[in-house]
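Novice: The structure is given below, and queries will be raised subsequently.
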Amino acid sequence: MKRKSVQVILIILHLILWTAATQAEAEVVTVNNNGDGNYTSIQEAVNNAHDWDTVLVSPGVYRENIIVNKELTILSHPVFSGSQTNRTYIIGTVSDNPVFSISSDNVTVNGFHIAGDPLGKDTYQQVGFYLEGVRNCYLNNNTLVLTDQGIVLKSSQGNYLNGNLVSLGNDGIVLDNSEENELLNNWIIENNHGILLNNSFNNTLVNNTACSNEVGVILQASQGNKLAYNLILKNEYGIFGQAAGSNILTNNNLYLNGIGVDLKGSSNNSLYENEFINFLNAADEGNNAWNSSSAGNFWNDHTGADADGDSVIDNQYAINQITGAIDYMPMVNRISSGNHYETLGANGNTLLALFEKKYPEKTTNNREKGVVIETTDLGPINKFLEEGPVFLRLGAEWCEACQHMKPILDELASRYGDKVTFISVNINKNPPLATYFDVGYIPDSSMIVGTENGTYVYMQLDGNITTDRVRARIVGLEDKEVYEKVLENVLAYEEKNNFG
C-alpha cells in the first residue's frame with residue numbers, strides 16, 4: 001500500500017514538472033504582413049504555435065478568418081495604439097465563418113479591430129468572435145463593426161469580456177446557453193440588439209454602456225444574472241425581459257430610452273437603486289420586486305415628500321397596479337434639491353440637471369503649467385474657459401489607450417499649460433457627459449476656444465473653428481504632433497484675436 005502511495009506521488013510530481021516545463025518553453029511568435037515577422041498571416045502563426053505561446057501581430061490589414069484551437073495569447077502590437085494608421089485590422093473573407101472562431105480554453109485576444117468586409121455582399125452576415133464550449137477566455141479592448149453578431153459565447157462558462165466596442169451590427173454581444181461569464185466596461189453602440197442573454201445563467205454585467213440600439217439589453221429565458229452600474233442610454237427599449245427570472249438589476253442608469261425596463265412573462269426579478277429618466281420608465285406584466293428591503297429606485301417622474309429624511313419618498317410608485325408591480329420605497333430623486341422635487345421630462349433640461357450631480361473627485365481651482373485637471377462635471381470646464389482655451393480629454397480608467405495617452409497629455413500640459421487649461425474627464429463617473437459630448441470611442445479629445453449662444457466653439461485641425469464637435473474632435477490615441485498642431489492653431493487664433 002505504501003509503495004502505491006509513493007508511485008502516485010511520483011506520477012503527480014512528474015505531471016507538475018512536465019506542465020511547468022511546457023509552460024516555461026512558451027514562445028513569442030510574430031506576424032507581419034509585410035514579411036518582417038515569423039509569419040505573414042495570423043492563421044499560419046496559430047497553426048504553428050503551441051499551447052501557452054503568444055502570437056504578436058503587427059499593425060496592418062489582415063484579410064482572413066482565424067480558427068483558434070490552442071491555448072494562446074494573441075495580441076495586437078502595439079496594443080491600444082489608437083492611431084488610425086497604427087491599428088491591426090482583421091477583415092473576414094468567408095462570410096459564413098466567424099472572423100475569430102475559438103474552441104479552446106484559456107485563449108486571450110486583445111486589441112484588434114474587426115470588421116465585416118465593406119466590399120462584400122454579406123457584410124452583416126459575419127460573426128466577429130465565436131466561442132463555443134470554452135472556459136477562461138479573455139477578449140479585451142477589441143473593436144468590432146459591421147458584423148451580424150459581434151461576440152458570441154455559446155455553451156461557455158467563466159469567460160471575460162472587457163473593454164470591447166461593438167457597433168453598427170445586428171447583435172452586439174450574445175450569450176447563448178452560457179453561464180458565469182463576466183462582461184465589464186464594454187461599449188455596445190448602434191446595433192439592433194445590444195447585449196442578448198438567451199437561456200443563460202449567473203452571468204455578471206458591470207459598467208457596460210449600451211447606447212442607441214433598438215434594444216439595449218435582452219434577458220430571454222435567463223436567470224440568476226446580475227446587472228450593475230451599467231449605462232443604458234437612448235435605446236428604443238433599455239432592458240427587455242422575456243421569460244426572465246431571478247435576475248438582479250441594481251445601480252444602473254437608464255436614460256432617454258423609449259421604455260426603460262419592459263418585463264414580459266418575467267417573475268422574481270429584483271430591481272433597486274436604479275435611476276430612471278425615460279419617456280416611459282417601466283412596464284411590468286409579471287411578478288417582480290421593484291425595491292429591496294431598504295431602497296427602491298430613482299424615478300424622474302415621481303414627486304413627493306420625505307418627511308422623516310430617510311431618502312425614501314413617502315408615497316409609493318406604481319409601475320402596474322393590476323399586477324402589483326410597485327416600488328414601495330422610491331428614492332429621493334438625485335437631481336432634486338432640498339425638500340423640493342421637480343418632475344423633469346426626458347429631454348435636454350433633464351441632462352442639464354444631471355450635470356449638476358457631484359461625484360467625489362479632487363479638482364483644483366487654479367490653472368497651473370504642467371497640471372492636468374481631473375473633473376467629473378461641466379463646472380470646471382466652464383470656469384477655466386473664462387480664462388482661456390480648454391483642451392478636453394474624455395476617457396475612462398479601464399481604457400488602455402487613455403492610459404497610454406496620459407504621459408502625452410502631461411507633456412503637452414508642461415509645454416502649453418500657461419496658456420491652455422488641460423482637463424481630463426472620467427466619463428464613467430458621470431455617464432451623462434458621454435451623451436452630452438456624443439462620445440462613441442475613447443479617448444476623445446477636443447480643443448474648446450469659447451462659447452457661442454450657449455454652445456461650445458471648437459478648434460479644428462485645419463485651423464478653422466466650429467460649433468460642430470464631431471468635425472473638431474480627435475478620436476483615439478494619436479501621435480503627440482497631432483495634438484500639438486491643434487494647440488498651435490489655438491495659440492495663433494488667440495494671438496489674432498488679441499492683436500487683430
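Identifiers in the C-alpha cells: chain A, B, ... in order shown; residue index from 1 per chain; ligand index from 1 in order shown.
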Could you pull the residues within 9 Å of Ile91 (chain A), counting only C-alpha atoms, minus those fewer than 5 positions along the same chain, as a CSV table (one decimal) with N, CA and C atoms, in the first residue's frame?

Specialist:
chain,number,residue,atom,x,y,z
A,61,VAL,N,-3.5,45.5,-42.3
A,61,VAL,CA,-4.9,44.9,-42.6
A,61,VAL,C,-4.7,43.5,-43.0
A,62,TYR,N,-5.3,42.6,-42.2
A,62,TYR,CA,-5.3,41.1,-42.5
A,62,TYR,C,-6.6,40.6,-42.9
A,63,ARG,N,-6.7,40.1,-44.1
A,63,ARG,CA,-7.9,39.6,-44.6
A,63,ARG,C,-7.9,38.0,-44.5
A,64,GLU,N,-8.6,37.6,-43.4
A,64,GLU,CA,-8.6,36.1,-43.2
A,64,GLU,C,-9.6,35.8,-42.1
A,65,ASN,N,-10.0,34.6,-42.0
A,65,ASN,CA,-10.8,34.0,-40.9
A,65,ASN,C,-9.9,33.1,-40.1
A,99,VAL,N,-14.9,35.6,-38.0
A,99,VAL,CA,-13.6,36.1,-38.1
A,99,VAL,C,-12.6,35.4,-37.2
A,113,HIS,N,-9.1,45.3,-34.4
A,113,HIS,CA,-10.2,46.0,-35.0
A,113,HIS,C,-10.7,45.0,-36.0
A,114,ILE,N,-12.0,44.6,-35.8
A,114,ILE,CA,-12.5,43.5,-36.7
A,114,ILE,C,-13.8,44.1,-37.4
A,115,ALA,N,-13.9,43.7,-38.7
A,115,ALA,CA,-15.0,44.3,-39.5
A,115,ALA,C,-15.5,43.2,-40.4
A,116,GLY,N,-16.8,43.4,-40.8
A,116,GLY,CA,-17.3,42.7,-41.9
A,116,GLY,C,-16.6,43.3,-43.2
A,117,ASP,N,-16.6,42.6,-44.3
A,117,ASP,CA,-15.9,43.1,-45.5
A,117,ASP,C,-16.8,44.2,-46.1
A,118,PRO,N,-16.3,45.4,-46.1
A,118,PRO,CA,-17.0,46.5,-46.7
A,118,PRO,C,-17.2,46.4,-48.2

Novice: With a distance cut-off of 10 Å and only C-alpha atoms, select the neighbouring residues of Ala45 (chain A), excluding the residue or stretch itself and same-chain residues fewer than 2 positions from it, and output the selection as a PyMOL selection string.

Specialist: chain A and resi 29-31+37-43+47-50+54-57+74

Novice: Keeping only C-alpha atoms, write those residues as a compact mmCIF listing (two decimals), in the first residue's frame.

Specialist:
# COMPACT_ATOMS: atom_id res chain seq x y z
CA VAL A 29 5.90 34.38 -32.48
CA THR A 30 5.40 37.46 -34.63
CA VAL A 31 3.10 38.20 -37.54
CA GLY A 37 7.75 38.73 -38.83
CA ASN A 38 7.91 34.98 -38.38
CA TYR A 39 4.68 34.67 -40.38
CA THR A 40 2.64 36.81 -42.74
CA SER A 41 -0.81 35.56 -41.66
CA ILE A 42 -2.34 35.14 -38.22
CA GLN A 43 -3.74 31.70 -39.05
CA ASN A 47 -1.20 26.68 -36.81
CA ASN A 48 2.49 26.55 -35.94
CA ALA A 49 2.19 27.76 -32.34
CA HIS A 50 1.99 25.57 -29.24
CA THR A 54 1.98 34.34 -27.56
CA VAL A 55 1.20 35.49 -31.09
CA LEU A 56 2.17 39.15 -31.58
CA VAL A 57 0.53 40.75 -34.61
CA ILE A 74 -2.99 36.73 -29.43

Novice: For the contact check between region 358-467 of chain A and region 177-199 of chain A, emit one row per residue of region 358-467 of chain A within 9 Å, containing the shortest atom pair and the distance in Å rounded to one decimal, counting only C-alpha atoms, chain then rising number order, as a tab-separated table.

Specialist:
residue	atom	partner	partner_atom	distance
A:Trp398	CA	A:Asn185	CA	7.1
A:Cys399	CA	A:Asn185	CA	8.6
A:Gly440	CA	A:Ile189	CA	7.5
A:Tyr441	CA	A:Trp187	CA	8.3

Novice: For the residues in the current selection, export N, CA and C atoms as a short mmCIF file (atom, residue, chain, number, x, y, z; two decimals), in the first residue's frame.

Specialist:
data_model
loop_
_atom_site.label_atom_id
_atom_site.label_comp_id
_atom_site.auth_asym_id
_atom_site.auth_seq_id
_atom_site.Cartn_x
_atom_site.Cartn_y
_atom_site.Cartn_z
N TRP A 398 -10.58 52.23 -17.26
CA TRP A 398 -10.38 50.90 -17.84
C TRP A 398 -9.81 50.96 -19.25
N CYS A 399 -9.80 52.13 -19.85
CA CYS A 399 -9.38 52.29 -21.25
C CYS A 399 -7.86 52.34 -21.34
N GLY A 440 -18.42 58.25 -28.71
CA GLY A 440 -18.62 56.91 -29.25
C GLY A 440 -17.40 56.03 -29.07
N TYR A 441 -16.22 56.64 -28.92
CA TYR A 441 -14.97 55.89 -28.78
C TYR A 441 -14.00 56.75 -27.98
#

Novice: Quick one: residues within 9 Å of Asn69 (chain A), only C-alpha atoms, excluding same-chain residues fewer than 3 positions away - as a VMD selection string?

Specialist: chain A and resid 46 to 47 72 101 to 105 107

Novice: How about saving the chosen residues, N, CA and C atoms kept, as a PDB file, in the first residue's frame?

Specialist:
ATOM      1  N   VAL A  46      -0.921  30.748 -35.792  1.00  0.00           N
ATOM      2  CA  VAL A  46      -1.689  29.904 -34.879  1.00  0.00           C
ATOM      3  C   VAL A  46      -1.435  28.430 -35.178  1.00  0.00           C
ATOM      4  N   ASN A  47      -1.410  28.081 -36.435  1.00  0.00           N
ATOM      5  CA  ASN A  47      -1.201  26.677 -36.814  1.00  0.00           C
ATOM      6  C   ASN A  47       0.142  26.142 -36.329  1.00  0.00           C
ATOM      7  N   LEU A  72      -3.751  29.991 -26.458  1.00  0.00           N
ATOM      8  CA  LEU A  72      -2.831  31.021 -26.936  1.00  0.00           C
ATOM      9  C   LEU A  72      -3.224  32.397 -26.439  1.00  0.00           C
ATOM     10  N   SER A 101     -12.829  32.165 -34.644  1.00  0.00           N
ATOM     11  CA  SER A 101     -13.556  31.018 -34.097  1.00  0.00           C
ATOM     12  C   SER A 101     -12.670  30.372 -33.040  1.00  0.00           C
ATOM     13  N   ILE A 102     -13.125  30.372 -31.793  1.00  0.00           N
ATOM     14  CA  ILE A 102     -12.301  29.905 -30.674  1.00  0.00           C
ATOM     15  C   ILE A 102     -12.960  28.683 -30.047  1.00  0.00           C
ATOM     16  N   SER A 103     -12.231  27.573 -30.013  1.00  0.00           N
ATOM     17  CA  SER A 103     -12.764  26.333 -29.453  1.00  0.00           C
ATOM     18  C   SER A 103     -11.889  25.777 -28.341  1.00  0.00           C
ATOM     19  N   SER A 104     -10.919  26.542 -27.886  1.00  0.00           N
ATOM     20  CA  SER A 104     -10.021  26.097 -26.827  1.00  0.00           C
ATOM     21  C   SER A 104     -10.207  26.957 -25.585  1.00  0.00           C
ATOM     22  N   ASP A 105      -9.972  26.383 -24.413  1.00  0.00           N
ATOM     23  CA  ASP A 105      -9.951  27.157 -23.184  1.00  0.00           C
ATOM     24  C   ASP A 105      -8.703  28.039 -23.148  1.00  0.00           C
ATOM     25  N   VAL A 107      -7.817  31.137 -23.898  1.00  0.00           N
ATOM     26  CA  VAL A 107      -7.379  31.950 -25.032  1.00  0.00           C
ATOM     27  C   VAL A 107      -7.596  33.430 -24.697  1.00  0.00           C
TER      28      VAL A 107
END

Novice: Using only C-alpha atoms, which residues sit within 9 Å of Val127 (chain A) once same-chain residues fewer than 3 positions away are excluded, as a ChimeraX atom specification?

Specialist: /A:95-101,116,124,130,147-152

Novice: Go ahead and write the selection's residues with N, CA and C atoms as a PDB file, in the first residue's frame.

Specialist:
ATOM      1  N   SER A  95     -17.819  34.863 -45.433  1.00  0.00           N
ATOM      2  CA  SER A  95     -18.899  35.465 -44.658  1.00  0.00           C
ATOM      3  C   SER A  95     -19.631  34.472 -43.779  1.00  0.00           C
ATOM      4  N   ASP A  96     -19.638  33.183 -44.148  1.00  0.00           N
ATOM      5  CA  ASP A  96     -20.343  32.184 -43.350  1.00  0.00           C
ATOM      6  C   ASP A  96     -19.543  31.757 -42.119  1.00  0.00           C
ATOM      7  N   ASN A  97     -18.294  32.136 -42.037  1.00  0.00           N
ATOM      8  CA  ASN A  97     -17.441  31.743 -40.924  1.00  0.00           C
ATOM      9  C   ASN A  97     -17.128  32.948 -40.048  1.00  0.00           C
ATOM     10  N   PRO A  98     -16.985  32.734 -38.739  1.00  0.00           N
ATOM     11  CA  PRO A  98     -16.585  33.842 -37.865  1.00  0.00           C
ATOM     12  C   PRO A  98     -15.198  34.365 -38.241  1.00  0.00           C
ATOM     13  N   VAL A  99     -14.949  35.621 -37.951  1.00  0.00           N
ATOM     14  CA  VAL A  99     -13.598  36.149 -38.147  1.00  0.00           C
ATOM     15  C   VAL A  99     -12.642  35.434 -37.193  1.00  0.00           C
ATOM     16  N   PHE A 100     -13.039  35.307 -35.918  1.00  0.00           N
ATOM     17  CA  PHE A 100     -12.297  34.519 -34.937  1.00  0.00           C
ATOM     18  C   PHE A 100     -13.206  33.409 -34.439  1.00  0.00           C
ATOM     19  N   SER A 101     -12.829  32.165 -34.644  1.00  0.00           N
ATOM     20  CA  SER A 101     -13.556  31.018 -34.097  1.00  0.00           C
ATOM     21  C   SER A 101     -12.670  30.372 -33.040  1.00  0.00           C
ATOM     22  N   GLY A 116     -16.760  43.356 -40.779  1.00  0.00           N
ATOM     23  CA  GLY A 116     -17.261  42.660 -41.945  1.00  0.00           C
ATOM     24  C   GLY A 116     -16.646  43.288 -43.181  1.00  0.00           C
ATOM     25  N   TYR A 124     -22.982  42.089 -43.299  1.00  0.00           N
ATOM     26  CA  TYR A 124     -23.597  41.979 -41.988  1.00  0.00           C
ATOM     27  C   TYR A 124     -23.900  40.531 -41.601  1.00  0.00           C
ATOM     28  N   TYR A 130     -16.520  34.035 -32.187  1.00  0.00           N
ATOM     29  CA  TYR A 130     -17.448  32.941 -31.863  1.00  0.00           C
ATOM     30  C   TYR A 130     -16.720  31.955 -30.956  1.00  0.00           C
ATOM     31  N   THR A 147     -20.632  43.784 -38.225  1.00  0.00           N
ATOM     32  CA  THR A 147     -20.778  42.337 -38.124  1.00  0.00           C
ATOM     33  C   THR A 147     -22.225  42.010 -37.786  1.00  0.00           C
ATOM     34  N   ASP A 148     -22.682  40.839 -38.195  1.00  0.00           N
ATOM     35  CA  ASP A 148     -24.022  40.421 -37.826  1.00  0.00           C
ATOM     36  C   ASP A 148     -24.105  40.244 -36.322  1.00  0.00           C
ATOM     37  N   GLN A 149     -23.149  39.548 -35.761  1.00  0.00           N
ATOM     38  CA  GLN A 149     -23.028  39.379 -34.320  1.00  0.00           C
ATOM     39  C   GLN A 149     -21.578  39.671 -33.942  1.00  0.00           C
ATOM     40  N   GLY A 150     -21.407  40.589 -33.012  1.00  0.00           N
ATOM     41  CA  GLY A 150     -20.049  40.979 -32.659  1.00  0.00           C
ATOM     42  C   GLY A 150     -19.303  39.888 -31.920  1.00  0.00           C
ATOM     43  N   ILE A 151     -19.816  39.513 -30.740  1.00  0.00           N
ATOM     44  CA  ILE A 151     -19.186  38.485 -29.907  1.00  0.00           C
ATOM     45  C   ILE A 151     -20.266  37.492 -29.496  1.00  0.00           C
ATOM     46  N   VAL A 152     -20.014  36.212 -29.720  1.00  0.00           N
ATOM     47  CA  VAL A 152     -20.971  35.168 -29.361  1.00  0.00           C
ATOM     48  C   VAL A 152     -20.292  34.160 -28.447  1.00  0.00           C
TER      49      VAL A 152
END

Novice: Looking at only C-alpha atoms, which of A:Phe384, A:Phe276, A:Tyr138, A:Phe240 is the one that sits closest to Asn253 (chain A)?

Specialist: A:Phe276
